[in-house]
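Data block below; observations after.
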Amino acid sequence: MGPIPYGTQHITQEDIEAVTETLTADYLTQGPKVSEFENAFAEYIGSEHAIAVSNGTAALHLAVLVLGVEPGQKVITTPITFSASANCIKYAGGEADFVDIDPETFLMDLDLVEKKLENADPGEYAGIIPVDFTGLAVDTERLRSIADKYDLWILEDACHAPGGSFEDSKGEQVFCGDCSYADAAIFSFHPVKHIAAGEGGMITTNSQELKEEIEMMRTHGITKDPKKLQDNHGGWYYEMQQLGFNYRLTDIQSSLGLSQLQRADEGLQRRRTIAGRYDKAFATFDTIIQQAVTPTKRDKHHGYHLYVIQVEQRKELYDYLRENKIYSQIHYIPIHLLPYYQQFGWNKGDFPNAENYYEKCISLPMYPTLTVDQQKFVIQKVIEII
Ligand SMILES: *Cc1c(COP(=O)(O)O)cnc(C)c1O
């Protein structure tokens, strides 16, 4: 059996043809494929708008800039996420603050968010960045009611969760990143994510104003929109009104993303089937701790970017899987323990649930093209060690 990664892209002949077509068309960038991808993505997620950018980290950066953080103001996120979810706060001049995770769902504990804000000074916090970690949706409805009390924005990091959802108190299915409750959300098209574009990212929002600001910031803070210009010298005229960036996605990447998007639902169903098999195989082992996901959540709501289990002999398991060419991963080292963040005074012991989680967690292979035989092999190797 060949090597089995924890996640990988799936490229079809249609994907190749879509990219080839763009390569021989008029635009490699700033052409029609970008807005085609944006419109199709917004439709898939259920948001009003989608703005394509060069990667998920650029999406976080721009979103925090337009949502706004004053120098030194704090933004809350979870310690169990990719470091980009916190780095974007620093890029924008704010301070990253954390709350511990719920030990059963591994998501940011909303009770602790509430408690932190109750004890905060007015204006101490600007916003909250919840993460739909592994693909499990954060309860943004509840988070919205907490955020509104303190006039905070919500930026949902939905990189793990395209197609993921939860049912709100009205019985509506709220999709991750549809911005029913969040002000904006972001996605990544890195090859390990659901939709691969090489590199790529997307910001979703239901606000026309945020959309226009993000579009301007994505391309140097420049506008040619006659309604926005302060002056007008002629057809060539543009104004740079803010200090923006070049965070554009190319047409080449957009055409790959667009082609991949056609199979997103199929891939998601495969992920849920694979999760079902893991759940069943491990259910009888009390030495394997599973994420608290009800069968309904598993089959209908979870996005399953990752399939995480917790075991006492995590290092032994990781090494043994590697010996068998199964390349599992650890998601994530708690952010507050990373050397860069330690300089701001965070210490071991600050977030015990996150730290305990990290000691035992391991992400098993989870991607749509994982075959039944490959998965059986993974399960067999896990059980051998346990
Ligand atoms: C992948 C990822 C990002 C960053 O996306 P890039 O496209 O790699 O910049 C941010 N947050 C989370 C949770 C991610 O998984």
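Starting from 1 in every chain, residues are counted up; chains themselves are A, B, ... following the order of the structure tokens, and ligands are numbered from 1 as listed.
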Non-local contacts of segment 322-336 of chain A (8 Å; only C-alpha atoms; under 6 positions in same chain excluded) as a ChimeraX atom specification:
/A:2-6,79-83,86,342,346-348,354-355,358,361-365,378
Contact residues around Val138 of chain A with only C-alpha atoms at 10 Å, ignoring same-chain residues under 4 positions, as an mmCIF file with N, CA, C and O atoms, in the first residue's frame:
data_model
loop_
_atom_site.group_PDB
_atom_site.id
_atom_site.type_symbol
_atom_site.label_atom_id
_atom_site.label_comp_id
_atom_site.auth_asym_id
_atom_site.auth_seq_id
_atom_site.Cartn_x
_atom_site.Cartn_y
_atom_site.Cartn_z
ATOM 1 N N THR A 105 -16.101 18.987 22.708
ATOM 2 C CA THR A 105 -16.265 19.336 21.284
ATOM 3 C C THR A 105 -14.966 19.859 20.688
ATOM 4 O O THR A 105 -14.837 19.959 19.464
ATOM 5 N N LEU A 107 -14.114 22.820 20.629
ATOM 6 C CA LEU A 107 -14.362 24.183 20.142
ATOM 7 C C LEU A 107 -14.217 25.179 21.286
ATOM 8 O O LEU A 107 -14.332 24.813 22.457
ATOM 9 N N MET A 108 -13.998 26.443 20.939
ATOM 10 C CA MET A 108 -13.962 27.539 21.898
ATOM 11 C C MET A 108 -15.174 27.444 22.838
ATOM 12 O O MET A 108 -16.305 27.264 22.387
ATOM 13 N N ASP A 109 -14.913 27.533 24.156
ATOM 14 C CA ASP A 109 -15.989 27.412 25.145
ATOM 15 C C ASP A 109 -16.714 28.758 25.272
ATOM 16 O O ASP A 109 -16.140 29.727 25.768
ATOM 17 N N LEU A 110 -17.959 28.802 24.826
ATOM 18 C CA LEU A 110 -18.673 30.088 24.780
ATOM 19 C C LEU A 110 -19.015 30.613 26.177
ATOM 20 O O LEU A 110 -19.141 31.827 26.367
ATOM 21 N N PRO A 130 -14.238 33.025 16.092
ATOM 22 C CA PRO A 130 -14.494 31.616 16.370
ATOM 23 C C PRO A 130 -13.995 30.758 15.202
ATOM 24 O O PRO A 130 -13.956 31.228 14.065
ATOM 25 N N VAL A 131 -13.619 29.531 15.485
ATOM 26 C CA VAL A 131 -13.111 28.625 14.452
ATOM 27 C C VAL A 131 -13.967 27.351 14.449
ATOM 28 O O VAL A 131 -14.143 26.719 15.498
ATOM 29 N N ASP A 132 -14.476 26.997 13.298
ATOM 30 C CA ASP A 132 -15.262 25.754 13.167
ATOM 31 C C ASP A 132 -14.273 24.590 13.082
ATOM 32 O O ASP A 132 -14.141 23.921 12.042
ATOM 33 N N PHE A 133 -13.602 24.371 14.205
ATOM 34 C CA PHE A 133 -12.472 23.436 14.244
ATOM 35 C C PHE A 133 -12.889 22.018 13.858
ATOM 36 O O PHE A 133 -13.911 21.519 14.349
ATOM 37 N N ARG A 142 -25.611 31.820 19.428
ATOM 38 C CA ARG A 142 -25.345 32.184 20.823
ATOM 39 C C ARG A 142 -24.204 33.209 20.899
ATOM 40 O O ARG A 142 -24.279 34.165 21.660
ATOM 41 N N LEU A 143 -23.180 32.997 20.086
ATOM 42 C CA LEU A 143 -22.043 33.918 20.114
ATOM 43 C C LEU A 143 -22.483 35.336 19.724
ATOM 44 O O LEU A 143 -21.999 36.327 20.270
ATOM 45 N N GLU A 156 -15.889 34.595 11.468
ATOM 46 C CA GLU A 156 -15.877 33.130 11.587
ATOM 47 C C GLU A 156 -14.762 32.563 10.697
ATOM 48 O O GLU A 156 -14.777 32.763 9.479
ATOM 49 N N ASP A 157 -13.817 31.854 11.304
ATOM 50 C CA ASP A 157 -12.803 31.146 10.523
ATOM 51 C C ASP A 157 -13.391 29.774 10.175
ATOM 52 O O ASP A 157 -13.407 28.856 10.998
ATOM 53 N N ALA A 158 -13.901 29.681 8.938
ATOM 54 C CA ALA A 158 -14.611 28.476 8.499
ATOM 55 C C ALA A 158 -13.753 27.633 7.550
ATOM 56 O O ALA A 158 -14.278 26.855 6.755
ATOM 57 N N GLY A 164 -20.414 22.624 6.234
ATOM 58 C CA GLY A 164 -20.804 22.336 7.616
ATOM 59 C C GLY A 164 -21.937 23.245 8.046
ATOM 60 O O GLY A 164 -22.173 24.287 7.444
ATOM 61 N N SER A 165 -22.662 22.839 9.089
ATOM 62 C CA SER A 165 -23.827 23.628 9.512
ATOM 63 C C SER A 165 -24.230 23.286 10.944
ATOM 64 O O SER A 165 -23.702 22.338 11.532
ATOM 65 N N PHE A 166 -25.162 24.052 11.483
ATOM 66 C CA PHE A 166 -25.838 23.671 12.734
ATOM 67 C C PHE A 166 -27.285 24.133 12.632
ATOM 68 O O PHE A 166 -27.628 24.928 11.744
ATOM 69 N N CYS A 176 -21.929 27.081 7.867
ATOM 70 C CA CYS A 176 -20.695 27.741 8.278
ATOM 71 C C CYS A 176 -20.321 28.767 7.212
ATOM 72 O O CYS A 176 -20.235 28.426 6.030
#
6 Å from ligand 1 is the threshold here; counting only C-alpha atoms and all ligand atoms, which polymer residues fall inside it? Answer as number ranges by chain.
A: 55-57, 81-82, 84-85, 157, 159-160, 188-190, 199-201
I need the chosen residues saved as a short mmCIF file (atom, residue, chain, number, x, y, z; two decimals), in the first residue's frame, with all heavy atoms.
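And here's out-v1.cif as it stands now:
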data_model
loop_
_atom_site.label_atom_id
_atom_site.label_comp_id
_atom_site.auth_asym_id
_atom_site.auth_seq_id
_atom_site.Cartn_x
_atom_site.Cartn_y
_atom_site.Cartn_z
N ASN A 55 -5.05 33.84 -0.35
CA ASN A 55 -5.01 32.67 0.54
C ASN A 55 -5.86 32.95 1.77
O ASN A 55 -6.37 34.07 1.95
CB ASN A 55 -3.56 32.30 0.93
CG ASN A 55 -2.81 33.45 1.54
OD1 ASN A 55 -3.17 33.94 2.60
ND2 ASN A 55 -1.78 33.92 0.86
N GLY A 56 -6.01 31.96 2.62
CA GLY A 56 -6.87 32.11 3.79
C GLY A 56 -6.32 33.13 4.79
O GLY A 56 -7.08 33.83 5.47
N THR A 57 -5.00 33.21 4.87
CA THR A 57 -4.37 34.15 5.79
C THR A 57 -4.61 35.59 5.33
O THR A 57 -4.90 36.47 6.15
CB THR A 57 -2.85 33.84 5.88
OG1 THR A 57 -2.72 32.47 6.27
CG2 THR A 57 -2.16 34.72 6.90
N THR A 81 -6.21 26.18 17.04
CA THR A 81 -6.46 26.51 15.64
C THR A 81 -5.11 26.73 14.99
O THR A 81 -4.08 26.76 15.66
CB THR A 81 -7.34 27.77 15.50
OG1 THR A 81 -7.56 28.05 14.12
CG2 THR A 81 -6.68 28.99 16.14
N PHE A 82 -5.12 26.89 13.67
CA PHE A 82 -3.90 27.24 12.97
C PHE A 82 -3.51 28.67 13.39
O PHE A 82 -4.38 29.51 13.59
CB PHE A 82 -4.12 27.15 11.46
CG PHE A 82 -2.88 27.39 10.67
CD1 PHE A 82 -1.72 26.67 10.92
CD2 PHE A 82 -2.85 28.35 9.67
CE1 PHE A 82 -0.57 26.89 10.20
CE2 PHE A 82 -1.70 28.58 8.93
CZ PHE A 82 -0.56 27.85 9.21
N ALA A 84 -2.60 31.25 12.02
CA ALA A 84 -3.10 32.38 11.22
C ALA A 84 -4.35 33.01 11.84
O ALA A 84 -4.55 34.23 11.71
CB ALA A 84 -3.40 31.93 9.79
N SER A 85 -5.19 32.21 12.52
CA SER A 85 -6.41 32.75 13.14
C SER A 85 -6.09 33.81 14.18
O SER A 85 -6.90 34.68 14.46
CB SER A 85 -7.24 31.65 13.82
OG SER A 85 -7.36 30.51 13.04
N ASP A 157 -13.82 31.85 11.30
CA ASP A 157 -12.80 31.15 10.52
C ASP A 157 -13.39 29.77 10.18
O ASP A 157 -13.41 28.86 11.00
CB ASP A 157 -11.51 31.01 11.32
CG ASP A 157 -10.39 30.32 10.53
OD1 ASP A 157 -10.71 29.59 9.57
OD2 ASP A 157 -9.21 30.49 10.90
N CYS A 159 -12.42 27.78 7.67
CA CYS A 159 -11.52 27.04 6.77
C CYS A 159 -11.75 25.54 6.78
O CYS A 159 -11.51 24.86 5.79
CB CYS A 159 -10.07 27.31 7.17
SG CYS A 159 -9.49 28.91 6.64
N HIS A 160 -12.18 25.00 7.94
CA HIS A 160 -12.36 23.55 8.05
C HIS A 160 -13.77 23.11 7.62
O HIS A 160 -14.05 21.92 7.68
CB HIS A 160 -12.16 23.10 9.50
CG HIS A 160 -10.76 23.28 10.00
ND1 HIS A 160 -10.35 22.83 11.23
CD2 HIS A 160 -9.67 23.84 9.43
CE1 HIS A 160 -9.07 23.13 11.41
NE2 HIS A 160 -8.64 23.76 10.33
N SER A 188 -10.20 28.81 3.09
CA SER A 188 -8.90 28.61 2.45
C SER A 188 -9.03 27.55 1.37
O SER A 188 -9.81 26.59 1.52
CB SER A 188 -7.88 28.16 3.49
OG SER A 188 -6.76 27.56 2.87
N PHE A 189 -8.27 27.71 0.31
CA PHE A 189 -8.25 26.70 -0.76
C PHE A 189 -6.88 26.05 -0.88
O PHE A 189 -6.45 25.66 -1.97
CB PHE A 189 -8.71 27.32 -2.09
CG PHE A 189 -10.03 28.03 -1.97
CD1 PHE A 189 -10.16 29.37 -2.28
CD2 PHE A 189 -11.16 27.34 -1.50
CE1 PHE A 189 -11.38 30.03 -2.14
CE2 PHE A 189 -12.38 27.98 -1.35
CZ PHE A 189 -12.49 29.33 -1.67
N HIS A 190 -6.20 25.94 0.25
CA HIS A 190 -4.97 25.14 0.32
C HIS A 190 -5.33 23.69 0.00
O HIS A 190 -6.44 23.23 0.34
CB HIS A 190 -4.37 25.27 1.74
CG HIS A 190 -3.09 24.54 1.90
ND1 HIS A 190 -3.04 23.18 2.14
CD2 HIS A 190 -1.81 24.96 1.85
CE1 HIS A 190 -1.77 22.81 2.22
NE2 HIS A 190 -1.00 23.87 2.05
N GLU A 199 -3.13 27.71 -3.94
CA GLU A 199 -3.34 28.61 -2.81
C GLU A 199 -4.62 29.38 -3.14
O GLU A 199 -4.98 29.52 -4.30
CB GLU A 199 -2.18 29.61 -2.64
CG GLU A 199 -0.83 29.00 -2.34
CD GLU A 199 -0.63 28.65 -0.86
OE1 GLU A 199 -1.51 28.93 -0.03
OE2 GLU A 199 0.44 28.06 -0.56
N GLY A 200 -5.26 29.90 -2.13
CA GLY A 200 -6.45 30.70 -2.39
C GLY A 200 -7.26 30.88 -1.12
O GLY A 200 -7.11 30.11 -0.18
N GLY A 201 -8.07 31.92 -1.12
CA GLY A 201 -8.93 32.17 0.04
C GLY A 201 -10.19 32.90 -0.38
O GLY A 201 -10.29 33.36 -1.53
#
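For the choices A:Leu317, A:Pro191, A:Asp102, A:Leu337, the atom-to-atom distance to Gly349 of chain A is smallest for A:Leu337 when using only C-alpha atoms.
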Give me the residues near Trp153 of chain A as a list of chain:residue names, where near means some atom within 10 Å (using only C-alpha atoms) and where sequence neighbours in that chain fewer than 3 positions away do not count.
A:Val64, A:Leu67, A:Gly68, A:Val69, A:Val75, A:Tyr125, A:Ala126, A:Gly127, A:Ile128, A:Ile129, A:Arg144, A:Ala147, A:Asp148, A:Tyr150, A:Glu156, A:Tyr181, A:Ala182, A:Asp183, A:Ala184
Pick out each residue of segment 172-313 of chain A that DSSP on the backbone tags as strand (DSSP E or B); I need them as JSON, numbers by chain.
{"A": [173, 174, 175, 184, 185, 186, 187, 188, 201, 202, 203, 204, 205, 219, 222, 223, 239, 240, 246, 250, 289, 290, 307, 308, 309, 310]}
Determine, counting only C-alpha atoms, which protein, DNA and RNA residues have an atom within 12 Å of an atom of Asp299 of chain A; residues of the same chain fewer than 2 positions away are not included. Present the result as a list of chain:residue names.
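What passes the distance filter is A:Leu136, A:Gly163, A:Gly164, A:Ser165, A:Phe166, A:Leu268, A:Gln269, A:Arg270, A:Arg271, A:Arg272, A:Thr273, A:Ile274, A:Ala275, A:Gly276, A:Arg277, A:Asp279, A:Val293, A:Thr294, A:Pro295, A:Thr296, A:Lys297, A:His301, A:His302, A:Gly303, A:Tyr304.
Considering the residues A:Glu21, A:Ala63, A:His233, A:Leu117 and counting only C-alpha atoms, Glu212 of chain A has its shortest atom-to-atom contact with A:Ala63.
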Near Leu62 of chain A, within 9 Å and counting only C-alpha atoms, which residues show up once chain neighbours fewer than 6 positions away are dropped, as a PyMOL selection string?
chain A and resi 88+92+203+214+217-218+244-245+247
